[in-house]
Structure formats: structure tokens, C-alpha cells
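K.L.:
As input, take coords-v4.txt (compact mmCIF, C-alpha atoms):
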```txt
# COMPACT_ATOMS: atom_id res chain seq x y z
CA MET B 1 -56.09 16.34 -71.38
CA ILE B 2 -55.02 12.75 -71.42
CA GLY B 3 -51.54 14.06 -71.66
CA LEU B 4 -52.29 16.14 -68.58
CA LYS B 5 -53.85 13.26 -66.76
CA GLU B 6 -50.88 11.06 -67.16
CA PRO B 7 -48.64 13.07 -64.95
CA ASP B 8 -51.44 13.08 -62.35
CA ASN B 9 -51.61 9.36 -62.54
CA PHE B 10 -47.95 9.22 -62.70
CA ASP B 11 -47.75 11.44 -59.66
CA GLY B 12 -50.30 9.28 -57.98
CA GLU B 13 -48.35 6.24 -58.81
CA MET B 14 -45.16 7.87 -57.68
CA ALA B 15 -46.88 8.87 -54.47
CA MET B 16 -48.03 5.31 -54.05
CA LEU B 17 -44.58 4.08 -54.82
CA TRP B 18 -43.02 6.59 -52.49
CA SER B 19 -45.36 5.77 -49.71
CA SER B 20 -44.89 2.09 -50.18
CA SER B 21 -41.16 2.54 -50.31
CA ALA B 22 -41.45 4.67 -47.20
CA MET B 23 -43.38 1.87 -45.64
CA VAL B 24 -40.72 -0.54 -46.76
CA ARG B 25 -38.10 1.78 -45.42
CA SER B 26 -39.83 2.26 -42.13
CA ALA B 27 -40.34 -1.46 -41.91
CA LYS B 28 -36.68 -1.83 -42.60
CA GLY B 29 -36.02 0.79 -39.97
CA MET B 30 -38.15 -1.11 -37.52
CA ALA B 31 -36.33 -4.29 -38.40
CA THR B 32 -33.00 -2.53 -37.95
CA LEU B 33 -34.16 -1.13 -34.62
CA VAL B 34 -35.35 -4.53 -33.53
CA ALA B 35 -32.10 -6.06 -34.75
CA LEU B 36 -30.08 -3.38 -32.94
CA ALA B 37 -32.10 -3.87 -29.80
CA ALA B 38 -31.57 -7.58 -30.08
CA MET B 39 -27.85 -7.02 -30.58
CA GLY B 40 -27.83 -4.66 -27.64
CA LEU B 41 -29.52 -7.27 -25.50
CA GLY B 42 -27.13 -9.86 -26.84
CA ALA B 43 -24.18 -7.64 -25.95
CA ALA B 44 -25.63 -7.04 -22.51
CA GLN B 45 -26.06 -10.75 -22.08
CA ALA B 46 -22.52 -11.33 -23.31
CA GLU B 47 -21.35 -8.78 -20.73
CA GLY B 48 -23.35 -10.61 -18.12
CA VAL B 49 -21.53 -13.79 -19.03
CA ASP B 50 -18.20 -11.96 -18.76
CA PHE B 51 -18.76 -11.17 -15.10
CA THR B 52 -17.13 -13.67 -12.80
CA ALA B 53 -19.66 -15.72 -10.92
CA PRO B 54 -19.67 -15.00 -7.19
CA VAL B 55 -19.38 -17.87 -4.76
CA ASP B 56 -22.84 -17.26 -3.38
CA PRO B 57 -25.04 -15.58 -5.99
CA ALA B 58 -27.84 -14.96 -3.50
CA ALA B 59 -25.73 -12.92 -1.07
CA ALA B 60 -26.28 -9.17 -0.86
CA VAL B 61 -22.53 -8.53 -0.97
CA PRO B 62 -20.99 -10.90 -3.53
CA THR B 63 -17.91 -12.92 -2.66
CA TYR B 64 -15.33 -13.99 -5.23
CA ALA B 65 -12.86 -16.78 -4.61
CA ILE B 66 -9.17 -16.62 -5.37
CA GLU B 67 -6.75 -19.47 -4.88
CA LEU B 68 -3.03 -18.95 -4.45
CA LYS B 69 -1.17 -22.06 -5.46
CA ASP B 70 2.62 -21.85 -5.36
CA GLY B 71 2.78 -18.73 -7.48
CA GLU B 72 -0.30 -19.50 -9.55
CA LEU B 73 -3.29 -17.21 -9.21
CA LEU B 74 -6.61 -18.97 -9.72
CA PRO B 75 -8.35 -17.34 -11.48
CA PRO B 76 -5.79 -15.02 -13.06
CA THR B 77 -8.54 -12.59 -14.02
CA LEU B 78 -11.73 -11.49 -12.31
CA VAL B 79 -14.51 -9.28 -13.64
CA VAL B 80 -16.67 -7.65 -10.99
CA PRO B 81 -19.33 -4.94 -11.00
CA ALA B 82 -18.01 -1.42 -10.43
CA LYS B 83 -19.21 1.00 -7.75
CA THR B 84 -20.30 -1.66 -5.32
CA ARG B 85 -18.46 -3.35 -2.51
CA PHE B 86 -17.61 -7.02 -2.63
CA ARG B 87 -15.54 -9.59 -0.81
CA LEU B 88 -12.54 -11.62 -1.87
CA HIS B 89 -12.10 -15.00 -0.29
CA VAL B 90 -8.45 -15.93 -0.69
CA THR B 91 -7.13 -19.41 0.05
CA ASN B 92 -3.56 -20.58 -0.05
CA THR B 93 -3.79 -24.08 -1.50
CA GLY B 94 -0.10 -24.31 -2.32
CA THR B 95 2.81 -25.80 -0.44
CA LYS B 96 4.47 -22.46 0.30
CA PRO B 97 3.45 -19.41 2.28
CA SER B 98 1.96 -16.53 0.32
CA GLU B 99 1.09 -12.90 0.76
CA PHE B 100 -1.96 -11.75 -1.12
CA GLU B 101 -1.36 -8.14 -2.01
CA SER B 102 -2.75 -5.26 -4.02
CA ASN B 103 -1.78 -1.66 -3.48
CA GLN B 104 -4.53 -0.63 -5.84
CA LEU B 105 -7.21 -2.45 -3.85
CA ARG B 106 -5.59 -1.57 -0.49
CA LEU B 107 -5.25 -5.24 0.48
CA GLU B 108 -2.45 -7.17 2.12
CA GLU B 109 -2.76 -10.51 3.87
CA VAL B 110 -0.13 -13.06 4.77
CA LEU B 111 -1.42 -16.61 4.29
CA PHE B 112 0.42 -19.62 5.54
CA MET B 113 -0.14 -22.92 3.77
CA GLY B 114 -3.77 -24.00 4.01
CA MET B 115 -4.95 -20.71 5.45
CA GLU B 116 -7.73 -18.55 4.10
CA ALA B 117 -8.97 -15.02 4.59
CA THR B 118 -11.95 -12.97 3.53
CA MET B 119 -11.34 -9.33 2.65
CA MET B 120 -13.79 -6.58 1.93
CA VAL B 121 -13.06 -4.48 -1.13
CA THR B 122 -14.42 -0.94 -1.20
CA PRO B 123 -16.47 0.18 -4.25
CA LEU B 124 -14.27 0.53 -7.31
CA ASP B 125 -14.42 2.87 -10.26
CA PRO B 126 -14.45 1.06 -13.62
CA GLY B 127 -10.91 0.05 -14.46
CA ASP B 128 -8.23 -2.59 -14.06
CA TYR B 129 -6.60 -3.44 -10.75
CA ASP B 130 -3.68 -5.78 -10.10
CA TYR B 131 -3.44 -8.46 -7.45
CA PHE B 132 -0.50 -10.74 -6.79
CA ASP B 133 1.34 -13.00 -4.38
CA GLU B 134 4.15 -10.93 -2.96
CA PHE B 135 6.10 -14.03 -2.02
CA GLN B 136 5.99 -15.25 -5.63
CA PRO B 137 6.91 -12.17 -7.64
CA GLY B 138 6.35 -11.94 -11.37
CA VAL B 139 2.83 -13.33 -11.68
CA MET B 140 0.13 -10.67 -11.88
CA GLY B 141 -3.60 -11.15 -11.59
CA LYS B 142 -6.03 -8.65 -13.08
CA LEU B 143 -9.32 -7.62 -11.55
CA THR B 144 -11.56 -5.63 -13.86
CA ALA B 145 -14.36 -3.54 -12.47
CA LYS B 146 -17.07 -2.55 -14.94
CA GLU B 147 -20.51 -1.09 -14.85
CA ALA B 148 -23.28 -3.65 -14.98
CA ALA B 149 -25.57 -3.37 -18.04
CA PRO B 150 -28.66 -1.30 -17.16
CA MET A 1 13.57 -20.59 -5.40
CA MET A 2 16.83 -19.28 -3.91
CA GLY A 3 16.71 -16.15 -6.04
CA GLN A 4 13.26 -15.62 -4.60
CA VAL A 5 14.56 -15.99 -1.03
CA ILE A 6 17.23 -13.36 -1.71
CA PHE A 7 14.68 -11.00 -3.23
CA ILE A 8 12.02 -11.35 -0.52
CA VAL A 9 14.46 -11.03 2.38
CA ALA A 10 16.09 -7.95 0.84
CA ARG A 11 12.76 -6.36 0.00
CA GLU A 12 11.18 -6.95 3.38
CA SER A 13 14.24 -5.69 5.29
CA VAL A 14 14.67 -2.45 3.36
CA GLU A 15 12.09 -0.47 5.30
CA ALA A 16 13.35 -1.47 8.74
CA LEU A 17 16.99 -0.92 7.78
CA LEU A 18 16.20 2.50 6.37
CA VAL A 19 14.65 3.58 9.68
CA ILE A 20 17.37 2.00 11.80
CA GLY A 21 20.19 3.18 9.53
CA ILE A 22 19.01 6.78 9.72
CA LEU A 23 18.45 6.69 13.48
CA TRP A 24 21.87 5.08 13.96
CA ALA A 25 23.57 7.78 11.91
CA TRP A 26 21.70 10.52 13.79
CA MET A 27 22.70 9.04 17.12
CA ALA A 28 26.34 9.29 16.14
CA ARG A 29 26.00 13.07 16.05
CA ARG A 30 24.79 13.32 19.57
CA PRO A 31 27.05 13.75 22.56
CA ASP A 32 25.05 11.05 24.34
CA ALA A 33 25.44 8.63 21.43
CA ARG A 34 26.13 5.64 23.61
CA ALA A 35 22.86 5.88 25.48
CA GLY A 36 20.98 6.41 22.23
CA ARG A 37 22.49 3.39 20.57
CA ALA A 38 21.72 1.23 23.56
CA TRP A 39 18.05 2.18 23.26
CA LEU A 40 18.16 1.55 19.52
CA LEU A 41 19.74 -1.89 19.97
CA GLY A 42 17.17 -2.66 22.64
CA GLY A 43 14.44 -1.69 20.17
CA ILE A 44 15.94 -3.98 17.53
CA ALA A 45 15.97 -6.90 19.97
CA ALA A 46 12.38 -6.17 20.98
CA GLY A 47 11.54 -5.98 17.26
CA PHE A 48 12.77 -9.52 16.69
CA ALA A 49 10.66 -10.74 19.60
CA LEU A 50 7.64 -8.89 18.20
CA ALA A 51 8.28 -10.36 14.73
CA ALA A 52 8.39 -13.87 16.18
CA ALA A 53 5.18 -13.34 18.16
CA LEU A 54 3.36 -11.89 15.14
CA ALA A 55 4.65 -14.70 12.93
CA LEU A 56 3.26 -17.31 15.33
CA MET A 57 -0.08 -15.59 14.99
CA LEU A 58 0.11 -15.47 11.18
CA VAL A 59 1.06 -19.13 11.00
CA GLY A 60 -1.92 -19.94 13.15
CA VAL A 61 0.02 -21.56 15.98
CA ALA A 62 -1.10 -18.93 18.42
CA THR A 63 -4.21 -16.82 18.48
CA PHE A 64 -3.72 -13.91 20.81
CA LEU A 65 -6.22 -11.82 18.97
CA GLY A 66 -9.22 -12.31 16.72
CA ALA A 67 -9.15 -11.07 13.12
CA THR A 68 -10.75 -7.72 13.98
CA ALA A 69 -8.50 -7.07 16.97
CA ARG A 70 -5.48 -8.05 14.91
CA SER A 71 -6.28 -5.54 12.20
CA TRP A 72 -6.83 -2.80 14.81
CA PHE A 73 -3.47 -3.76 16.26
CA GLU A 74 -1.88 -3.43 12.81
CA ILE A 75 -3.50 -0.05 12.24
CA GLY A 76 -2.29 1.04 15.68
CA MET A 77 1.27 -0.11 14.98
CA LEU A 78 1.40 1.61 11.61
CA SER A 79 -0.07 4.89 12.86
CA MET A 80 2.19 4.88 15.89
CA ALA A 81 5.24 4.29 13.71
CA ALA A 82 4.20 7.22 11.51
CA ALA A 83 3.68 9.46 14.55
CA LEU A 84 7.03 8.41 16.04
CA ILE A 85 8.81 9.19 12.79
CA VAL A 86 7.35 12.69 12.68
CA GLN A 87 8.19 13.20 16.34
CA MET A 88 11.75 11.95 15.79
CA VAL A 89 12.32 14.33 12.88
CA PHE A 90 10.79 17.14 14.93
CA TRP A 91 13.14 16.38 17.80
CA MET A 92 16.24 16.17 15.61
CA ARG A 93 15.41 19.45 13.89
CA LYS A 94 15.20 21.14 17.23
CA HIS A 95 18.49 19.60 18.26
CA GLY A 96 20.39 20.91 15.31
CA ARG A 97 19.87 24.35 16.81
CA THR A 98 19.81 24.08 20.55
CA LEU A 99 21.46 20.83 21.50
CA LYS A 100 24.61 22.12 23.12
CA THR A 101 23.21 24.89 25.25
CA GLU A 102 20.31 22.74 26.44
CA LEU A 103 22.55 19.84 27.30
CA GLU A 104 24.82 22.11 29.26
CA ALA A 105 21.90 23.59 31.09
CA GLY A 106 20.68 20.07 31.93
CA LEU A 107 17.27 20.85 30.46
CA GLU A 108 17.62 18.17 27.86
CA ARG A 109 17.77 15.16 30.11
CA SER A 110 14.08 14.65 30.85
CA VAL A 111 13.07 15.34 27.25
CA ALA A 112 15.70 12.89 26.05
CA ALA A 113 14.40 10.06 28.22
CA ALA A 114 10.98 10.28 26.54
CA ASN A 115 12.55 10.38 23.11
CA TRP A 116 14.76 7.38 23.73
CA LEU A 117 11.60 5.46 24.41
CA GLY A 118 10.39 6.68 21.03
CA VAL A 119 13.58 5.42 19.37
CA PHE A 120 13.10 2.08 21.08
CA ALA A 121 9.46 1.76 19.99
CA LEU A 122 10.11 2.88 16.43
CA ALA A 123 12.91 0.34 15.93
CA ALA A 124 10.77 -2.39 17.47
CA ILE A 125 7.78 -1.69 15.21
CA ALA A 126 9.94 -1.29 12.10
CA ILE A 127 11.53 -4.70 12.63
CA GLY A 128 8.49 -6.42 14.10
CA ARG A 129 6.03 -5.61 11.36
CA GLU A 130 7.93 -6.45 8.18
CA GLY A 131 10.04 -8.97 10.09
CA SER A 132 7.00 -11.08 10.91
CA GLU A 133 6.25 -11.46 7.20
CA THR A 134 9.84 -12.45 6.52
CA VAL A 135 9.70 -15.00 9.33
CA VAL A 136 6.51 -16.54 7.90
CA PHE A 137 8.04 -16.66 4.45
CA LEU A 138 11.33 -18.16 5.62
CA TYR A 139 9.67 -20.63 7.95
CA GLY A 140 7.31 -21.81 5.21
CA SER A 141 10.15 -22.14 2.73
CA PHE A 142 12.26 -23.86 5.36
CA LEU A 143 9.61 -26.58 5.71
CA GLN A 144 10.03 -27.38 2.00
CA LEU A 145 13.71 -28.11 2.26
CA GLN A 146 15.05 -31.59 1.71
CA GLY A 147 18.68 -32.51 2.10
CA LEU A 148 21.82 -30.69 3.06
CA ALA A 149 22.35 -28.93 -0.27
CA ASP A 150 18.92 -27.34 0.07
CA TYR A 151 19.64 -26.14 3.58
CA SER A 152 22.95 -24.53 2.72
CA ALA A 153 21.51 -22.83 -0.37
CA PHE A 154 18.57 -21.60 1.70
CA PHE A 155 20.61 -20.08 4.51
CA GLY A 156 23.11 -18.74 2.00
CA SER A 157 20.33 -16.98 0.07
CA ALA A 158 18.74 -15.55 3.20
CA ALA A 159 22.14 -14.18 4.23
CA VAL A 160 22.73 -12.68 0.78
CA GLY A 161 19.29 -11.04 0.90
CA LEU A 162 20.00 -9.56 4.31
CA GLY A 163 23.44 -8.53 3.08
CA ILE A 164 21.92 -6.58 0.19
CA ALA A 165 19.61 -4.76 2.58
CA LEU A 166 22.50 -4.15 4.98
CA MET A 167 24.32 -2.36 2.17
CA LEU A 168 21.66 0.33 2.54
CA PHE A 169 22.52 0.58 6.23
CA TRP A 170 26.24 0.94 5.42
CA ALA A 171 25.56 3.45 2.67
CA LEU A 172 23.71 5.58 5.22
CA GLN A 173 26.59 5.39 7.73
CA ILE A 174 29.13 6.26 5.04
CA GLY A 175 26.88 9.06 3.83
CA ALA A 176 26.66 10.46 7.34
CA ARG A 177 30.43 10.53 7.54
CA PHE A 178 31.30 11.98 4.16
CA VAL A 179 28.38 14.23 3.29
CA SER A 180 28.02 17.42 5.30
CA TRP A 181 25.76 16.89 8.29
CA LYS A 182 23.38 19.60 7.16
CA TRP A 183 22.78 17.87 3.83
CA PHE A 184 22.69 14.39 5.27
CA PHE A 185 20.11 15.46 7.79
CA ARG A 186 18.04 17.29 5.21
CA VAL A 187 17.91 14.28 2.88
CA THR A 188 17.27 11.65 5.57
CA GLU A 189 14.68 13.86 7.23
CA TRP A 190 12.66 13.83 4.01
CA MET A 191 13.18 10.10 3.55
CA LEU A 192 11.75 9.47 7.01
CA LEU A 193 8.85 11.85 6.52
CA PHE A 194 7.94 10.12 3.26
CA LEU A 195 8.19 6.73 4.93
CA GLY A 196 5.91 8.05 7.68
CA SER A 197 3.37 9.10 5.06
CA ALA A 198 3.49 5.62 3.53
CA LEU A 199 2.89 3.98 6.91
CA PHE A 200 0.01 6.31 7.70
CA LEU A 201 -1.58 5.77 4.27
CA THR A 202 -1.37 1.98 4.68
CA ALA A 203 -2.91 2.28 8.14
CA MET A 204 -5.80 4.40 6.87
CA GLY A 205 -6.29 2.09 3.88
CA LYS A 206 -6.79 -0.77 6.29
CA LEU A 207 -9.13 1.37 8.36
CA LEU A 208 -11.22 2.10 5.28
CA SER A 209 -11.46 -1.41 3.90
CA LYS A 210 -11.61 -3.34 7.16
CA HIS A 211 -13.52 -1.15 9.59
CA LEU A 212 -15.38 1.45 7.59
CA SER A 213 -16.52 -0.84 4.80
CA ALA A 214 -19.75 -1.69 6.59
CA TYR A 215 -20.80 1.97 6.50
CA ASP A 216 -22.19 3.66 3.44
CA LEU A 217 -19.70 6.46 2.96
CA PRO A 218 -20.42 8.91 0.14
CA GLY A 219 -19.42 7.44 -3.21
CA TRP A 220 -16.90 10.14 -4.09
CA ILE A 221 -14.64 8.96 -1.27
CA TYR A 222 -13.95 5.83 -3.34
CA SER A 223 -13.61 7.39 -6.75
CA THR A 224 -10.28 7.08 -8.53
CA VAL A 225 -8.67 10.48 -8.98
CA TRP A 226 -6.14 9.48 -11.61
CA ASP A 227 -4.75 6.34 -13.15
CA ALA A 228 -0.99 6.38 -13.69
CA SER A 229 -0.64 2.60 -13.78
CA GLY A 230 0.35 2.81 -17.45
CA PHE A 231 3.22 5.12 -16.48
CA LEU A 232 4.39 3.46 -13.26
CA SER A 233 2.23 0.78 -11.72
CA ASP A 234 2.52 0.33 -7.96
CA SER A 235 2.54 -3.42 -8.63
CA SER A 236 5.84 -3.17 -10.50
CA MET A 237 9.12 -3.63 -8.64
CA LEU A 238 10.02 0.06 -8.57
CA GLY A 239 6.41 1.14 -8.06
CA SER A 240 5.85 -1.12 -5.07
CA LEU A 241 9.14 -0.02 -3.50
CA LEU A 242 8.02 3.59 -3.91
CA ALA A 243 4.66 2.62 -2.44
CA THR A 244 6.36 1.15 0.64
CA LEU A 245 8.86 3.97 1.13
CA ALA A 246 7.06 7.04 -0.15
CA ALA A 247 3.29 6.33 -0.31
CA TYR A 248 3.25 6.16 -4.12
CA ARG A 249 -0.12 5.02 -5.50
CA SER A 250 -0.77 4.62 -9.21
CA GLN A 251 -4.57 4.67 -8.81
CA PRO A 252 -5.27 6.82 -5.76
CA ILE A 253 -8.83 7.34 -4.59
CA VAL A 254 -10.09 10.51 -2.91
CA TRP A 255 -9.62 8.87 0.51
CA ASP A 256 -5.90 8.32 -0.18
CA LEU A 257 -5.38 11.95 -1.12
CA LEU A 258 -7.31 13.19 1.94
CA VAL A 259 -5.16 11.00 4.19
CA LEU A 260 -1.95 12.28 2.62
CA ALA A 261 -3.17 15.87 2.81
CA LEU A 262 -3.92 15.37 6.51
CA TYR A 263 -0.48 13.89 7.16
CA TRP A 264 1.48 16.57 5.31
CA GLY A 265 -0.79 19.28 6.71
CA VAL A 266 -0.01 18.22 10.28
CA VAL A 267 3.71 17.92 9.49
CA ALA A 268 3.77 21.40 7.91
CA LEU A 269 1.89 22.95 10.86
CA LEU A 270 4.16 21.33 13.43
CA PHE A 271 7.33 22.42 11.69
CA ARG A 272 6.11 25.93 11.07
CA HIS A 273 5.22 26.22 14.72
CA GLN A 274 8.71 24.95 15.57
CA ASP A 275 10.40 27.43 13.24
CA ARG A 276 8.38 30.30 14.64
CA LYS A 277 9.25 29.38 18.18
CA ALA A 278 12.91 29.15 17.20
CA THR A 279 12.97 32.61 15.60
CA ARG A 280 11.15 34.04 18.59
CA ALA A 281 13.60 32.42 20.96
CA ARG A 282 16.69 33.53 19.10
CA PRO A 283 16.71 37.25 20.01
CA VAL A 284 16.29 36.28 23.66
CA THR A 285 19.27 33.95 23.73
CA ALA A 286 21.38 36.31 21.62
```
When written as C-alpha cells, how does the structure in this file appear?
P.N.:
Amino acid sequence: MIGLKEPDNFDGEMAMLWSSSAMVRSAKGMATLVALAAMGLGAAQAEGVDFTAPVDPAAAVPTYAIELKDGELLPPTLVVPAKTRFRLHVTNTGTKPSEFESNQLRLEEVLFMGMEATMMVTPLDPGDYDYFDEFQPGVMGKLTAKEAAP
Amino acid sequence: MMGQVIFIVARESVEALLVIGILWAWMARRPDARAGRAWLLGGIAAGFALAAALALMLVGVATFLGATARSWFEIGMLSMAAALIVQMVFWMRKHGRTLKTELEAGLERSVAAANWLGVFALAAIAIGREGSETVVFLYGSFLQLQGLADYSAFFGSAAVGLGIALMLFWALQIGARFVSWKWFFRVTEWMLLFLGSALFLTAMGKLLSKHLSAYDLPGWIYSTVWDASGFLSDSSMLGSLLATLAAYRSQPIVWDLLVLALYWGVVALLFRHQDRKATRARPVTA
């Protein structure tokens, strides 16, 4: 009988062990979930950081500034939210005339020295789009449109 | 810097010289070539005046128009150039068949007068539009020059750039002489029609981003249909030349494709109508 009891106890113990291990596991699971969620948030925040800051953050339609300076594009890369319209404010701060151009964004604007122009860009699908100064060939700027984190 | 002057001048003159070179070669085939060339030369002169006026506006010396009016003006110029190109091709196609009899009958004269005006306007727009950008570029670069060596290199480069573009003009004239007229016309007709599509697409692109951007159009209008920028980007040298001359886009949106479908649809309808009329007319004249 004692011999029979042992397995019972044993079973009981095993059950206890199992349940506790399950608890441990579920706790681990929770921790993993929490960690994942935290990572997810972190990634989302990192993505948020990646977006280029608009000139006026409060505006309903964001505006991003680009400077053309004798062949230099400042900044050479822009990251903007996809599927929403925005403006580009382009200034020629160089000593030569420039032509801001992008076939992919349907933009073209001749800018004499010291001149500036604001252009509306229609909503973009996620992807990369080039912009450049047609009068200074060879230097290519890249505008990336990506979905904002939900 | 001088290499850049050569490149920009050549690139900006290609479009205008393509149009003018083809028109010039076509004129040569007509019995009233002298009148046609006079109108074309007049258009070229008017084009330089237009380029200068537009350049003054771009430089900010003169403000004839506000920003909105200026962009409407640009859209108008581009669309009109596209329409004139289609009309010109339409006219020349008709001529291939009926020119002689109509001229003899004196029916052609009044039609011709209207078309010469078209030749004049097309040449003027072709030179005026791209020319204004070249003028701004050259004027701005000119202001940077210091010393005689600079000046001679600058003018030398500008001349070389123009010379390169003029080679296209000469190639077209030589082509017209040595290739059979039928083939020359067929090829140049397509070149002009493609150029017309490029002008119309640029015009409608400006319409979308400058004048329709305030309205909430359905989202699918803006969605990218395909992305071939890995294959041939329209920012590359060849890609952007194809964009200017043939409406190539490496990342077209639905709007672009609708615009091109509209353009080619109208062209196809017009030409089919023309062909039908011609086949109907033939048994009568025969």
C-alpha cells in the first residue's frame, strides 16, 4: 500500500512540480511578452526618431526643409510618413543657380541664388524617391516614405 | 564647371532641337517650303524672346505673374505644345496622301495658314520653355566668372554644348535626305508623339501637385503601380532623357497611367478617324 501511495505522492509532487514549472513558464512567457512589447515600443520609438523633423511640428500638413548649396543637398536624406501629403521648402543657399527636380515626386523648380520655393508633394506609397539639383548632376538625394508606427 | 556647362546646355537644348529639326525636315518636303521655314524661323525668334522673358521672371527681376498664375501658365504651355504636336502629326499624315491634289485645287491655302501658326507657336514654346532654364543657368554661372580665361572657357563650353545638341538637328536633316521619306516620316512621327505624351504628362503632374493637392482625391490615384527604379531610374542620365522625350517614369502612380491612357486614346481615335475618312474618300477620287 505504501508502495502504491508513493506513486500517488509522486504524482502529486510531479503535478505540483509541473504546475509550478507551468507557472514559471507562463511567468517567463509573460516576461517575454512584456519584453517583446517593450522591444516593439522601442522599435516604434526608434522609427519615430528616424523620421525627419518637420519645420513646424504643429502644422496640419508638415513641411520639410531642403537646402541646395552649390551641388550639395542638405539634408541628403529625408524620411517622411507615407500616404499623407506634405510640403517641401527648398532654398538655394549656394552661389550658383539650381533646379530642384524629381521625376518621381513630379517636382521641378528653377531657383536662382537666394531664392526659395514651397512645393506640395502628393501622398506617397512607402518607398524611396530621388531628388536632385539638375544643374549640378551627379549628386542624388533620397526621400524615404514609410508608414508611421500605429 | 565647364564640363557641367556643356552638359546642361546640350541637355536642355535637345528637346527644342528635336522638335525644330523634325519640323524643318518636314518643311523641306513641302512645295511651299519657303513659307513654312519662314514661320518656323519666326517661331524660333519668338522662342528666344519668350525664354528671356521667362528667365527674368525666374531670376526674380520681373514679376508678371504670381506663383499660382505662373504654374497655370506653365501647364497651359505644356498642354498646348502637346496638342500642337498631335495636330502637326495629324496634318502631315494627311498631307502624305492628298497634298498635291489639294494644293492644285487651292483648297489647301486656308488650312495651311492656320497650321503655319501652329508651327510658329510650337517652335516658340519648345525654345521658350527649356530655353528659359538654360538662360537662368548660364546667367547665374556667368555671374561667377572672374577673368578673361574664365570667360573664354565659359563661352567655349556653352558653344560646345549647343554644338552637341545641333548634331541632333543635322542628323535629322541628313536622315531626311538619305532615308526614304516614308520611313523618315514614320520614325519622326512617333518621336514627336512620344514627346507630346511627355509634355502632357509633365503638365498633368503639375496640375495634380500644384492645383489638385488641396483636394482629397481618392487614395488609389496616388498609389505607385510599379517600381522599376532598380532597372532604370528616371533620375539617371538615360532615364531622365527618356522621361523628357518619351514620358518614361520609373515609379508611375495611377494618375500618370490615366493621363498617358487619355493621351494615347485621343491620338488613336483621331488617327483612326483620319484613316477612315481617307479610305472613304479614296473611291470617290479614284
K.L.:
Would you compute the distance between atom CA of A:Ala171 and atom CA of A:Val89? Give it in Å to one decimal.
P.N.:
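Computed distance, atom CA of A:Ala171 to atom CA of A:Val89, equals 19.9 Å.
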K.L.:
Taking all atoms listed in the file into account, produce a table as JSON lines in which each residue of chain B with an atom at most 8 Å from an atom of chain A appears once, together with its shortest atom pair and the distance in Å to one decimal, ordered by chain and rising number.
P.N.:
```
{"residue": "B:Lys83", "atom": "CA", "partner": "A:Gly219", "partner_atom": "CA", "distance": 7.9}
{"residue": "B:Arg85", "atom": "CA", "partner": "A:Ser213", "partner_atom": "CA", "distance": 8.0}
{"residue": "B:Thr95", "atom": "CA", "partner": "A:Gln144", "partner_atom": "CA", "distance": 7.8}
{"residue": "B:Lys96", "atom": "CA", "partner": "A:Gly140", "partner_atom": "CA", "distance": 5.7}
{"residue": "B:Pro97", "atom": "CA", "partner": "A:Gly140", "partner_atom": "CA", "distance": 5.4}
{"residue": "B:Ser98", "atom": "CA", "partner": "A:Phe137", "partner_atom": "CA", "distance": 7.4}
{"residue": "B:Ser102", "atom": "CA", "partner": "A:Ser235", "partner_atom": "CA", "distance": 7.3}
{"residue": "B:Asn103", "atom": "CA", "partner": "A:Asp234", "partner_atom": "CA", "distance": 6.5}
{"residue": "B:Gln104", "atom": "CA", "partner": "A:Gln251", "partner_atom": "CA", "distance": 6.1}
{"residue": "B:Arg106", "atom": "CA", "partner": "A:Gly205", "partner_atom": "CA", "distance": 5.7}
{"residue": "B:Leu107", "atom": "CA", "partner": "A:Lys206", "partner_atom": "CA", "distance": 7.5}
{"residue": "B:Val110", "atom": "CA", "partner": "A:Leu58", "partner_atom": "CA", "distance": 6.9}
{"residue": "B:Leu111", "atom": "CA", "partner": "A:Leu58", "partner_atom": "CA", "distance": 7.1}
{"residue": "B:Phe112", "atom": "CA", "partner": "A:Val59", "partner_atom": "CA", "distance": 5.5}
{"residue": "B:Met113", "atom": "CA", "partner": "A:Gly140", "partner_atom": "CA", "distance": 7.7}
{"residue": "B:Met119", "atom": "CA", "partner": "A:Lys210", "partner_atom": "CA", "distance": 7.5}
{"residue": "B:Met120", "atom": "CA", "partner": "A:Ser209", "partner_atom": "CA", "distance": 6.0}
{"residue": "B:Val121", "atom": "CA", "partner": "A:Ser209", "partner_atom": "CA", "distance": 6.1}
{"residue": "B:Thr122", "atom": "CA", "partner": "A:Ser209", "partner_atom": "CA", "distance": 5.9}
{"residue": "B:Pro123", "atom": "CA", "partner": "A:Tyr222", "partner_atom": "CA", "distance": 6.3}
{"residue": "B:Leu124", "atom": "CA", "partner": "A:Tyr222", "partner_atom": "CA", "distance": 6.6}
{"residue": "B:Asp125", "atom": "CA", "partner": "A:Ser223", "partner_atom": "CA", "distance": 5.8}
{"residue": "B:Asp130", "atom": "CA", "partner": "A:Ser235", "partner_atom": "CA", "distance": 6.8}
{"residue": "B:Tyr131", "atom": "CA", "partner": "A:Ser235", "partner_atom": "CA", "distance": 7.9}
{"residue": "B:Phe135", "atom": "CA", "partner": "A:Ile8", "partner_atom": "CA", "distance": 6.7}
{"residue": "B:Gln136", "atom": "CA", "partner": "A:Gln4", "partner_atom": "CA", "distance": 7.4}
{"residue": "B:Pro137", "atom": "CA", "partner": "A:Gln4", "partner_atom": "CA", "distance": 7.8}
```
K.L.:
Show me, as a PyMOL selection string, the residues that have an atom within 12 Å of A:Trp190 when counting all atoms listed in the file, minus same-chain residues fewer than 4 positions from it.
P.N.:
chain A and resi 19+22+85-86+88-90+93+183-186+194-197+245-246+264+267
K.L.:
If I take atom CA of B:Glu99 and atom CA of B:Ala53, how far is one from the other in Å, to one decimal?
P.N.:
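Calculated distance between atom CA of B:Glu99 and atom CA of B:Ala53 is 24.0 Å.
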K.L.:
Rounded to one decimal in Å, what is the spacing between atom CA of A:Ile164 and atom CA of A:Phe200?
P.N.:
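One can read the atom CA of A:Ile164 to atom CA of A:Phe200 distance as 26.5 Å.
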K.L.:
Ranking B:Pro81, B:Gly114, B:Pro126, B:Gly94 by minimum distance to B:Tyr64 and counting all atoms listed in the file, which one comes first?
P.N.:
B:Pro81
K.L.:
Output as a compact mmCIF listing (two decimals), keeping the file's coordinate frame: stretch 24-30 of chain A, completed with N, CA, C and O atoms.
P.N.:
```txt
# COMPACT_ATOMS: atom_id res chain seq x y z
N TRP A 24 20.50 5.41 13.52
CA TRP A 24 21.87 5.08 13.96
C TRP A 24 22.84 6.21 13.59
O TRP A 24 23.66 6.63 14.40
N ALA A 25 22.69 6.70 12.36
CA ALA A 25 23.57 7.78 11.91
C ALA A 25 23.31 9.07 12.70
O ALA A 25 24.23 9.81 13.03
N TRP A 26 22.05 9.32 13.01
CA TRP A 26 21.70 10.52 13.79
C TRP A 26 22.29 10.44 15.19
O TRP A 26 22.79 11.42 15.72
N MET A 27 22.19 9.24 15.77
CA MET A 27 22.70 9.04 17.12
C MET A 27 24.18 9.41 17.21
O MET A 27 24.63 9.97 18.20
N ALA A 28 24.90 9.06 16.14
CA ALA A 28 26.34 9.29 16.14
C ALA A 28 26.67 10.76 16.33
O ALA A 28 27.74 11.11 16.81
N ARG A 29 25.74 11.64 15.96
CA ARG A 29 26.00 13.07 16.05
C ARG A 29 25.77 13.62 17.45
O ARG A 29 26.09 14.75 17.73
N ARG A 30 25.16 12.80 18.25
CA ARG A 30 24.79 13.32 19.57
C ARG A 30 25.90 13.06 20.58
O ARG A 30 26.58 12.06 20.52
```
